[in-house]
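Everything below belongs to upload.txt, which stores compact mmCIF, C-alpha atoms and all ligand atoms.
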```txt
# COMPACT_ATOMS: atom_id res chain seq x y z
CA MET P 1397 -26.67 142.98 -9.91
CA ALA P 1398 -27.24 146.16 -11.88
CA LEU P 1399 -28.25 147.08 -15.39
CA THR P 1400 -24.62 147.77 -16.25
CA GLN P 1401 -25.05 147.54 -20.02
CA LEU P 1402 -28.10 149.82 -20.18
CA LYS P 1403 -27.69 152.39 -22.96
CA GLN P 1404 -31.19 153.73 -23.59
CA TYR P 1405 -34.40 154.22 -21.62
CA LEU P 1406 -37.21 154.92 -24.08
CA ARG P 1407 -40.71 156.16 -23.42
CA PRO P 1408 -42.60 155.64 -26.71
CA THR P 1409 -45.97 157.28 -27.23
CA SER P 1410 -47.42 154.70 -29.62
CA LEU P 1411 -47.45 150.93 -29.72
CA GLU P 1412 -45.92 150.99 -33.20
CA GLU P 1413 -43.01 153.05 -31.88
CA ALA P 1414 -42.59 150.68 -28.92
CA LEU P 1415 -42.57 147.66 -31.20
CA THR P 1416 -40.04 149.22 -33.56
CA SER P 1417 -37.74 149.96 -30.60
CA LEU P 1418 -38.18 146.40 -29.31
CA ARG P 1419 -37.22 144.96 -32.67
CA GLU P 1420 -34.37 147.38 -33.31
CA GLY P 1421 -33.01 146.75 -29.81
CA GLY P 1422 -32.66 143.02 -30.55
CA LYS P 1423 -31.76 140.66 -27.71
CA GLY P 1424 -30.85 143.47 -25.34
CA ALA P 1425 -34.26 145.20 -25.53
CA ARG P 1426 -37.03 144.66 -22.97
CA VAL P 1427 -40.35 146.34 -22.47
CA ILE P 1428 -40.94 147.48 -18.93
CA GLY P 1429 -44.22 147.73 -17.03
CA GLY P 1430 -43.67 148.52 -13.34
CA GLY P 1431 -40.10 147.26 -13.59
CA ILE P 1432 -40.11 145.45 -10.25
CA GLU P 1433 -38.79 142.23 -11.75
CA LEU P 1434 -36.48 143.87 -14.21
CA VAL P 1435 -34.89 146.03 -11.55
CA LEU P 1436 -34.69 143.24 -8.98
CA PHE P 1437 -33.17 140.65 -11.29
CA SER P 1438 -31.39 143.19 -13.53
CA PRO P 1439 -30.52 140.87 -16.43
CA PRO P 1440 -26.95 141.89 -17.34
CA ASP P 1441 -27.57 141.75 -21.10
CA VAL P 1442 -30.23 144.50 -21.11
CA THR P 1443 -29.19 147.48 -23.24
CA THR P 1444 -32.57 149.10 -23.97
CA LEU P 1445 -35.62 149.51 -21.76
CA ILE P 1446 -38.92 150.43 -23.40
CA ASP P 1447 -41.26 151.95 -20.84
CA LEU P 1448 -44.94 151.35 -21.73
CA SER P 1449 -46.32 154.00 -19.38
CA GLU P 1450 -47.11 156.58 -22.10
CA LEU P 1451 -49.27 154.19 -24.16
CA SER P 1452 -52.59 154.78 -22.35
CA LEU P 1453 -52.78 151.11 -21.42
CA SER P 1454 -53.65 151.64 -17.76
CA TYR P 1455 -57.41 151.34 -18.22
CA ILE P 1456 -59.93 149.00 -16.63
CA LYS P 1457 -63.28 148.97 -18.41
CA GLU P 1458 -66.32 146.82 -18.85
CA ASN P 1459 -67.58 145.91 -22.30
CA GLU P 1460 -70.01 143.32 -23.62
CA ALA P 1461 -67.24 140.68 -23.68
CA GLY P 1462 -66.20 141.23 -20.08
CA LEU P 1463 -63.68 143.18 -18.08
CA ALA P 1464 -60.90 144.61 -20.25
CA ILE P 1465 -57.71 145.49 -18.36
CA GLY P 1466 -54.89 147.39 -20.06
CA ALA P 1467 -51.43 145.86 -19.65
CA THR P 1468 -50.01 148.72 -17.58
CA ALA P 1469 -52.85 148.82 -15.05
CA THR P 1470 -51.17 148.22 -11.69
CA LEU P 1471 -52.18 145.51 -9.24
CA THR P 1472 -53.25 148.26 -6.81
CA GLN P 1473 -55.47 149.81 -9.48
CA LEU P 1474 -57.20 146.43 -9.84
CA ILE P 1475 -57.62 146.05 -6.09
CA GLU P 1476 -59.20 149.50 -5.84
CA HIS P 1477 -61.51 149.13 -8.86
CA GLN P 1478 -65.14 148.56 -7.93
CA THR P 1479 -65.99 146.20 -10.80
CA VAL P 1480 -62.89 144.11 -10.22
CA ALA P 1481 -63.80 143.96 -6.53
CA GLN P 1482 -67.24 142.62 -7.43
CA TYR P 1483 -66.05 140.12 -10.05
CA LEU P 1484 -67.07 136.63 -8.85
CA ASP P 1485 -67.45 137.71 -5.23
CA GLY P 1486 -64.08 139.41 -5.02
CA VAL P 1487 -61.94 136.42 -5.96
CA ILE P 1488 -59.43 138.58 -7.90
CA VAL P 1489 -58.96 141.12 -5.14
CA GLY P 1490 -58.62 138.32 -2.57
CA MET P 1491 -55.81 136.83 -4.65
CA LEU P 1492 -54.08 140.15 -5.34
CA HIS P 1493 -53.88 140.97 -1.64
CA GLN P 1494 -51.57 137.95 -1.36
CA VAL P 1495 -49.18 139.16 -4.08
CA ALA P 1496 -45.89 140.72 -2.90
CA SER P 1497 -46.44 143.85 -0.76
CA PRO P 1498 -48.60 147.00 -1.07
CA LEU P 1499 -45.62 149.07 -2.27
CA LEU P 1500 -44.71 146.53 -4.97
CA ARG P 1501 -48.35 146.24 -6.02
CA ASN P 1502 -48.37 150.01 -6.55
CA LEU P 1503 -45.74 149.49 -9.27
CA GLY P 1504 -46.30 145.99 -10.65
CA THR P 1505 -48.55 145.80 -13.69
CA ILE P 1506 -50.95 143.11 -14.80
CA GLY P 1507 -49.08 142.84 -18.11
CA GLY P 1508 -45.76 142.31 -16.31
CA SER P 1509 -47.36 139.74 -13.99
CA LEU P 1510 -48.59 137.66 -16.92
CA ALA P 1511 -45.58 138.20 -19.19
CA SER P 1512 -42.98 137.31 -16.58
CA ALA P 1513 -44.56 133.82 -16.27
CA ASN P 1514 -43.15 133.15 -12.82
CA PRO P 1515 -43.84 129.55 -11.79
CA TRP P 1516 -45.07 130.69 -8.39
CA SER P 1517 -47.30 133.43 -9.81
CA ASP P 1518 -50.62 133.77 -8.00
CA VAL P 1519 -52.14 135.79 -10.83
CA ILE P 1520 -51.62 133.20 -13.56
CA PRO P 1521 -53.47 130.21 -12.00
CA LEU P 1522 -56.51 132.32 -11.16
CA PHE P 1523 -56.59 133.99 -14.57
CA LEU P 1524 -56.27 130.55 -16.22
CA ALA P 1525 -59.23 129.32 -14.16
CA LEU P 1526 -61.20 132.42 -15.18
CA ASP P 1527 -60.41 131.66 -18.87
CA ALA P 1528 -58.71 135.03 -19.41
CA LYS P 1529 -57.74 136.09 -22.91
CA VAL P 1530 -54.76 138.26 -23.74
CA THR P 1531 -54.16 140.58 -26.65
CA LEU P 1532 -50.69 140.63 -28.17
CA PHE P 1533 -49.45 143.31 -30.54
CA ASP P 1534 -46.82 142.34 -33.12
CA GLY P 1535 -47.85 144.92 -35.74
CA ASN P 1536 -51.30 143.32 -35.68
CA TYR P 1537 -53.49 142.55 -32.69
CA HIS P 1538 -53.99 138.89 -31.74
CA SER P 1539 -56.40 137.79 -29.04
CA ILE P 1540 -55.50 134.37 -27.62
CA PRO P 1541 -56.49 132.39 -24.55
CA LEU P 1542 -54.00 133.00 -21.75
CA SER P 1543 -53.43 129.24 -21.66
CA ASP P 1544 -51.99 129.44 -25.19
CA LEU P 1545 -49.32 131.87 -24.01
CA TYR P 1546 -47.63 129.41 -21.74
CA PRO P 1547 -46.64 126.08 -23.24
CA THR P 1548 -43.73 128.18 -24.45
CA ARG P 1549 -43.19 131.89 -23.82
CA SER P 1550 -42.10 132.32 -27.41
CA ARG P 1551 -45.57 133.67 -28.25
CA LEU P 1552 -44.44 136.86 -26.52
CA SER P 1553 -41.03 137.28 -28.07
CA GLY P 1554 -41.12 140.30 -30.32
CA SER P 1555 -44.67 141.19 -29.19
CA ILE P 1556 -46.21 143.39 -26.57
CA LEU P 1557 -49.02 142.24 -24.35
CA THR P 1558 -51.58 145.05 -24.49
CA GLU P 1559 -54.70 143.80 -22.71
CA VAL P 1560 -56.19 141.02 -20.64
CA LEU P 1561 -59.88 140.23 -20.91
CA LEU P 1562 -61.82 138.47 -18.18
CA PRO P 1563 -65.06 137.10 -19.65
CA VAL P 1564 -68.47 137.90 -18.15
CA PRO P 1565 -69.14 134.98 -15.80
CA ALA P 1566 -72.26 132.95 -16.66
CA SER P 1567 -74.89 132.81 -13.96
CA GLY P 1568 -74.42 129.92 -11.56
CA THR P 1569 -70.63 130.36 -11.65
CA ALA P 1570 -68.33 130.80 -8.67
CA ALA P 1571 -64.57 130.75 -8.23
CA SER P 1572 -62.08 130.48 -5.40
CA PHE P 1573 -58.32 130.88 -4.88
CA HIS P 1574 -56.03 129.69 -2.10
CA GLN P 1575 -52.27 129.72 -1.63
CA PHE P 1576 -49.74 129.02 1.05
CA SER P 1577 -46.45 130.78 1.60
CA ARG P 1578 -44.06 130.89 4.55
CA THR P 1579 -44.70 134.57 5.22
CA GLY P 1580 -47.20 137.06 3.85
CA PHE P 1581 -44.46 138.50 1.64
CA ASP P 1582 -42.97 135.22 0.41
CA VAL P 1583 -43.97 133.56 -2.86
CA ALA P 1584 -46.38 130.62 -2.80
CA LEU P 1585 -45.22 127.09 -2.04
CA LEU P 1586 -48.37 126.11 -3.87
CA ASN P 1587 -51.49 127.86 -5.05
CA CYS P 1588 -54.77 126.68 -6.43
CA ALA P 1589 -57.68 128.27 -8.30
CA CYS P 1590 -61.01 126.65 -9.14
CA LEU P 1591 -64.00 127.81 -11.16
CA VAL P 1592 -67.26 125.89 -11.28
CA LYS P 1593 -70.55 126.50 -13.07
CA VAL P 1594 -73.57 124.66 -11.76
CA ASP P 1595 -76.73 123.97 -13.77
CA ALA P 1596 -79.72 122.35 -12.07
CA GLY P 1597 -77.50 121.35 -9.15
CA ARG P 1598 -74.80 119.67 -11.24
CA CYS P 1599 -71.38 120.94 -12.30
CA SER P 1600 -71.46 121.79 -15.99
CA LEU P 1601 -68.13 123.60 -16.26
CA VAL P 1602 -65.08 122.98 -14.09
CA ARG P 1603 -61.56 124.41 -14.15
CA ILE P 1604 -59.02 123.44 -11.52
CA VAL P 1605 -55.52 124.92 -11.74
CA ALA P 1606 -52.49 124.47 -9.48
CA GLY P 1607 -49.38 126.66 -9.54
CA GLY P 1608 -46.02 126.82 -7.77
CA THR P 1609 -45.77 123.05 -8.07
CA PRO P 1610 -42.94 124.41 -8.45
CA ARG P 1611 -43.76 124.92 -12.11
CA LEU P 1612 -46.08 127.41 -13.75
CA GLY P 1613 -49.81 127.13 -13.03
CA ALA P 1614 -51.41 124.35 -15.06
CA ALA P 1615 -54.85 122.76 -15.25
CA LEU P 1616 -55.59 119.49 -13.45
CA PRO P 1617 -57.88 117.87 -16.06
CA ALA P 1618 -58.41 114.57 -14.19
CA ALA P 1619 -59.73 116.43 -11.14
CA ALA P 1620 -61.99 118.65 -13.28
CA GLU P 1621 -63.30 115.57 -15.07
CA ALA P 1622 -64.10 113.89 -11.73
CA LEU P 1623 -66.37 116.83 -10.85
CA MET P 1624 -68.18 117.24 -14.16
CA GLY P 1625 -71.87 116.32 -13.98
CA MET P 1626 -71.69 115.82 -10.20
CA GLU P 1627 -73.30 117.64 -7.31
CA LEU P 1628 -70.99 119.52 -4.94
CA THR P 1629 -71.48 117.15 -2.01
CA ASP P 1630 -68.91 116.56 0.74
CA GLU P 1631 -68.17 113.11 -0.69
CA THR P 1632 -67.63 114.41 -4.23
CA ILE P 1633 -65.42 117.27 -3.03
CA GLU P 1634 -63.32 114.81 -1.03
CA ARG P 1635 -62.97 112.50 -4.04
CA VAL P 1636 -62.04 115.34 -6.41
CA ALA P 1637 -59.44 116.66 -3.95
CA ARG P 1638 -57.88 113.18 -3.79
CA VAL P 1639 -57.79 112.95 -7.58
CA ALA P 1640 -56.09 116.36 -7.63
CA ARG P 1641 -53.51 115.14 -5.10
CA GLU P 1642 -52.76 112.03 -7.17
CA SER P 1643 -52.66 113.73 -10.55
CA VAL P 1644 -50.81 116.97 -9.79
CA ASP P 1645 -47.21 116.91 -11.00
CA THR P 1646 -45.18 118.29 -8.10
CA ARG P 1647 -41.43 118.49 -7.60
CA ASP P 1648 -39.00 119.08 -4.73
CA ASP P 1649 -37.18 122.38 -4.55
CA ARG P 1650 -35.53 124.43 -1.81
CA ARG P 1651 -38.92 125.76 -0.69
CA ALA P 1652 -40.89 122.51 -0.25
CA SER P 1653 -40.99 118.83 -1.07
CA ALA P 1654 -43.09 117.30 -3.83
CA ARG P 1655 -45.00 115.30 -1.20
CA TYR P 1656 -45.88 118.38 0.83
CA ARG P 1657 -47.04 120.15 -2.33
CA LYS P 1658 -49.32 117.23 -3.15
CA GLN P 1659 -50.89 117.49 0.28
CA LEU P 1660 -51.34 121.26 -0.16
CA THR P 1661 -53.06 120.59 -3.49
CA TYR P 1662 -55.50 118.25 -1.76
CA VAL P 1663 -56.23 120.79 0.99
CA PHE P 1664 -56.65 123.74 -1.39
CA VAL P 1665 -58.84 121.95 -3.95
CA ARG P 1666 -61.11 120.83 -1.12
CA ARG P 1667 -61.14 124.33 0.40
CA CYS P 1668 -61.78 126.01 -2.96
CA LEU P 1669 -64.67 123.68 -3.80
CA GLN P 1670 -66.26 124.08 -0.36
CA GLU P 1671 -66.00 127.85 -0.73
CA ILE P 1672 -67.51 127.69 -4.22
CA ARG P 1673 -70.43 125.64 -2.87
CA ASP P 1674 -70.97 128.22 -0.12
CA ARG P 1675 -70.79 131.11 -2.59
CA LEU P 1676 -73.29 129.47 -4.93
CA ALA P 1677 -75.66 128.78 -2.01
CA GLU P 1678 -75.27 132.38 -0.84
CA GLY P 1679 -76.09 133.63 -4.34
CA LYS P 1680 -79.42 131.77 -4.32
CA LYS P 1681 -80.68 133.46 -1.13
C1 LIG L 1701 -40.10 140.81 -4.11
C2 LIG L 1701 -41.19 140.30 -5.04
C3 LIG L 1701 -42.22 139.51 -4.50
C4 LIG L 1701 -43.22 139.03 -5.35
N1 LIG L 1701 -44.24 138.27 -4.81
C5 LIG L 1701 -45.20 137.79 -5.63
C6 LIG L 1701 -46.27 137.00 -5.11
O1 LIG L 1701 -46.37 136.72 -3.91
N2 LIG L 1701 -47.20 136.53 -6.00
C7 LIG L 1701 -47.14 136.81 -7.32
O2 LIG L 1701 -48.01 136.38 -8.08
N3 LIG L 1701 -46.16 137.59 -7.83
C8 LIG L 1701 -45.21 138.07 -7.02
N4 LIG L 1701 -44.20 138.83 -7.54
C9 LIG L 1701 -44.20 139.08 -8.98
C10 LIG L 1701 -44.82 140.38 -9.29
O3 LIG L 1701 -46.14 140.49 -8.94
C11 LIG L 1701 -44.69 140.57 -10.79
O4 LIG L 1701 -43.41 140.24 -11.12
C12 LIG L 1701 -44.95 141.97 -11.16
O5 LIG L 1701 -46.30 142.25 -11.02
C13 LIG L 1701 -44.40 142.24 -12.53
O6 LIG L 1701 -44.92 143.44 -12.98
P1 LIG L 1701 -44.00 144.58 -13.53
O7 LIG L 1701 -44.94 145.44 -14.28
O8 LIG L 1701 -43.20 145.21 -12.47
O9 LIG L 1701 -43.05 143.74 -14.53
P2 LIG L 1701 -41.68 144.23 -15.16
O10 LIG L 1701 -40.57 144.04 -14.17
O11 LIG L 1701 -41.84 145.55 -15.79
O12 LIG L 1701 -41.55 143.13 -16.31
C14 LIG L 1701 -41.42 141.76 -16.02
C15 LIG L 1701 -41.16 141.00 -17.35
O13 LIG L 1701 -42.31 141.05 -18.18
C16 LIG L 1701 -42.02 141.73 -19.41
N5 LIG L 1701 -43.16 142.59 -19.68
C17 LIG L 1701 -43.69 143.53 -18.85
N6 LIG L 1701 -44.79 144.07 -19.40
C18 LIG L 1701 -44.94 143.48 -20.62
C19 LIG L 1701 -45.89 143.64 -21.67
N7 LIG L 1701 -46.93 144.49 -21.56
N8 LIG L 1701 -45.73 142.90 -22.79
C20 LIG L 1701 -44.69 142.02 -22.89
N9 LIG L 1701 -43.77 141.82 -21.93
C21 LIG L 1701 -43.90 142.54 -20.80
C22 LIG L 1701 -40.73 142.50 -19.18
O14 LIG L 1701 -39.99 142.67 -20.37
C23 LIG L 1701 -40.03 141.58 -18.17
O15 LIG L 1701 -39.40 140.54 -18.86
C24 LIG L 1701 -43.20 139.33 -6.73
C25 LIG L 1701 -42.15 140.12 -7.26
C26 LIG L 1701 -41.18 140.60 -6.43
C27 LIG L 1701 -40.09 141.46 -7.02
```
Now that the file is in, can you turn its structure into structure tokens?
Ligand SMILES: Cc1cc2nc3c(=O)[nH]c(=O)nc-3n(C[C@H](O)[C@H](O)[C@H](O)COP(=O)(O)OP(=O)(O)OC[C@H]3O[C@@H](n4cnc5c(N)ncnc54)[C@H](O)[C@@H]3O)c2cc1C
Amino acid sequence: MALTQLKQYLRPTSLEEALTSLREGGKGARVIGGGIELVLFSPPDVTTLIDLSELSLSYIKENEAGLAIGATATLTQLIEHQTVAQYLDGVIVGMLHQVASPLLRNLGTIGGSLASANPWSDVIPLFLALDAKVTLFDGNYHSIPLSDLYPTRSRLSGSILTEVLLPVPASGTAASFHQFSRTGFDVALLNCACLVKVDAGRCSLVRIVAGGTPRLGAALPAAAEALMGMELTDETIERVARVARESVDTRDDRRASARYRKQLTYVFVRRCLQEIRDRLAEGKK
């Protein structure tokens, strides 16, 4: 496929200008980050591309609320950034190394990764577990939890995602991410991200998210509930992983069966929670 209907490639220098072009372009207008999805899938109806690269949105900076990442920061920029590398023992960088290939990560942006809402996305489940917030610009700025972006993607229509914020993790918090794909370059058959906060030996905050089920990453509330108030013992981890296996809503597709995905969920929840326990123990030394 090719962008056969493409008439204009715009490079606005302000968000207002970008938004005006998006609205004036109607159904055929798309904003473009790295363009790896847009070029690969080349939707035939696209008439206008609005390149965000001149908007100074490629920053990564710390503030009192957390780590603020501009929408056009590339996945490679994140991997190479020292603060991102240190965030919760490197869980973000560990996940990003499993996304696509180094060359594609040089182009792909964090905004494009979140906006494209691919069901097999590795970024989305981890960022949901980390309780990321996104800022949308529709003439005004709106900061919303990432989880609010996804029940429908209509929150994004006519807006531009400008920033993602990863909150400062409270002490006693650890996170982990695991995924399985057929090859290092293939998309995940299933992925899983967990975040746990422990107070006085007991779990006081738990988020467990599974993606590629084959639908978009979504929380597993029954599994999180089973861990709340508990100690991270082998028995509890085993029980929570079983609850995750029973409660996750998996489907068959050409990549894997629903049953296999359930088993992967069990394995990854168990692996994530064991890793979190190890990381928390390591942090106490
Ligand atoms: C071959 C291949 C393999 C991949 N493998 C993986 C993988 O293993 N794991 C994984 O998680 N991902 C994977 N991906 C997905 C990839 O990481 C993301 O698609 C990519 O990062 C998108 O970024 P981009 O900037 O290139 O998006 P673009 O192609 O520029 O845009 C994608 C979509 O998002 C919209 N968009 C972009 N930026 C914004 C914004 N700021 N505001 C509003 N809308 C916006 C565009 O209009 C478009 O609809 C793969 C992609 C490809 C092509």
* Choose the residue, out of P:Thr1632, P:Gln1659, P:Asn1587, P:Thr1558, that has the smallest atom-to-atom separation from ligand LIG 1701 (chain L); count all atoms listed in the file. =>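 Distance minimum relative to ligand LIG 1701 (chain L) lands on P:Thr1558.
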If you take all atoms listed in the file and a cut-off of 7 Å, which residues of chain P touch ligand LIG 1701 (chain L), and what are their nearest atom pairs and distances in Å to one decimal, in chain and number order, as a Markdown table?
```
| residue | atom | partner | partner_atom | distance |
| --- | --- | --- | --- | --- |
| P:Arg1426 | CA | L:LIG1701 | O14 | 4.4 |
| P:Val1427 | CA | L:LIG1701 | O14 | 4.2 |
| P:Ile1428 | CA | L:LIG1701 | O11 | 3.8 |
| P:Gly1429 | CA | L:LIG1701 | O11 | 3.5 |
| P:Gly1430 | CA | L:LIG1701 | O8 | 3.5 |
| P:Gly1431 | CA | L:LIG1701 | O11 | 3.3 |
| P:Ile1432 | CA | L:LIG1701 | O8 | 3.8 |
| P:Glu1433 | CA | L:LIG1701 | O10 | 3.5 |
| P:Leu1434 | CA | L:LIG1701 | O10 | 4.1 |
| P:Val1435 | CA | L:LIG1701 | O10 | 6.6 |
| P:Leu1436 | CA | L:LIG1701 | C27 | 6.0 |
| P:Ala1467 | CA | L:LIG1701 | N7 | 5.1 |
| P:Thr1468 | CA | L:LIG1701 | N7 | 6.6 |
| P:Leu1471 | CA | L:LIG1701 | O5 | 7.0 |
| P:Gln1494 | CA | L:LIG1701 | O1 | 5.9 |
| P:Val1495 | CA | L:LIG1701 | O1 | 3.7 |
| P:Ala1496 | CA | L:LIG1701 | N1 | 3.5 |
| P:Arg1501 | CA | L:LIG1701 | O5 | 6.7 |
| P:Leu1503 | CA | L:LIG1701 | O8 | 5.9 |
| P:Gly1504 | CA | L:LIG1701 | O8 | 3.7 |
| P:Thr1505 | CA | L:LIG1701 | O7 | 3.7 |
| P:Ile1506 | CA | L:LIG1701 | O5 | 6.1 |
| P:Gly1507 | CA | L:LIG1701 | N7 | 4.4 |
| P:Gly1508 | CA | L:LIG1701 | C17 | 3.5 |
| P:Ser1509 | CA | L:LIG1701 | O5 | 4.0 |
| P:Ala1511 | CA | L:LIG1701 | O13 | 4.5 |
| P:Ser1512 | CA | L:LIG1701 | O13 | 4.1 |
| P:Trp1516 | CA | L:LIG1701 | O2 | 6.4 |
| P:Ser1517 | CA | L:LIG1701 | O2 | 3.5 |
| P:Asp1518 | CA | L:LIG1701 | O2 | 3.7 |
| P:Val1519 | CA | L:LIG1701 | O2 | 5.0 |
| P:Leu1552 | CA | L:LIG1701 | C20 | 6.3 |
| P:Ser1555 | CA | L:LIG1701 | C20 | 6.4 |
| P:Ile1556 | CA | L:LIG1701 | N8 | 3.8 |
| P:Leu1557 | CA | L:LIG1701 | N8 | 3.7 |
| P:Thr1558 | CA | L:LIG1701 | N7 | 5.5 |
| P:Phe1581 | CA | L:LIG1701 | O1 | 6.1 |
| P:Asp1582 | CA | L:LIG1701 | O1 | 5.7 |
| P:Val1583 | CA | L:LIG1701 | O1 | 4.1 |
| P:Ala1584 | CA | L:LIG1701 | O1 | 6.2 |
```
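Candidate residues P:Pro1563, P:Asp1595, P:Cys1590, P:Asp1674 were compared for distance to Val1636 (chain P), and the nearest is P:Cys1590, using all atoms listed in the file.
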* To do: Pick out the closest residue to Leu1500 (chain P) from this set: P:Thr1472, P:Ala1513, P:Gln1478, P:Ala1637. Count all atoms listed in the file.
  => P:Thr1472
* To do: Using only C-alpha atoms, determine which residues lie at most 7 Å from region 1437-1448 of chain P, disregarding the query and same-chain residues fewer than 2 positions distant; provide the list as a PyMOL selection string.
  => chain P and resi 1397-1408+1414+1421+1424-1429+1433-1435+1450-1451
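The space separating CA of Pro1521 (chain P) from CA of Gly1613 (chain P) comes to 4.9 Å.
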* Asked: To one decimal place, how far is CA of Val1639 (chain P) from CA of Ala1618 (chain P) in Å?
  ->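 Rounded to one decimal, the two atoms are 6.8 Å apart.
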* **Neighbour list for Ala1606 (chain P) as a ChimeraX atom specification, cut-off 12 Å, all atoms listed in the file, skip fewer than 6 positions in-chain** => /P:1515-1525,1573-1576,1584-1590,1612-1617,1619-1620,1637,1640-1641,1643-1646,1657-1658,1660-1665,1668
* Which is closest to Glu1671 (chain P) among P:Gly1597, P:Asp1630, P:Asp1649, P:Met1624, if we use all atoms listed in the file? ->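 Among P:Gly1597, P:Asp1630, P:Asp1649, P:Met1624, it is P:Asp1630 that comes nearest to Glu1671 (chain P).
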* Asked: If you measure from CA of Arg1651 (chain P) to CA of Gly1607 (chain P), what distance in Å do you get, rounded to one decimal?
  ->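 Atom-to-atom, CA of Arg1651 (chain P) and CA of Gly1607 (chain P) are spaced 13.7 Å apart.
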* **Counting all atoms listed in the file, the residue of P:Thr1416, P:Pro1610, P:Val1560, P:Thr1531 that sits nearest Ala1469 (chain P)** =>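 Closest residue, counting all atoms listed in the file: P:Val1560.
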* Identify which of the residues P:Ala1464, P:Leu1669, P:Ile1456, P:Ala1570 lies closest to His1477 (chain P), counting all atoms listed in the file when measuring atom-to-atom distances. =>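 Smallest separation from His1477 (chain P) among the options: P:Ile1456.
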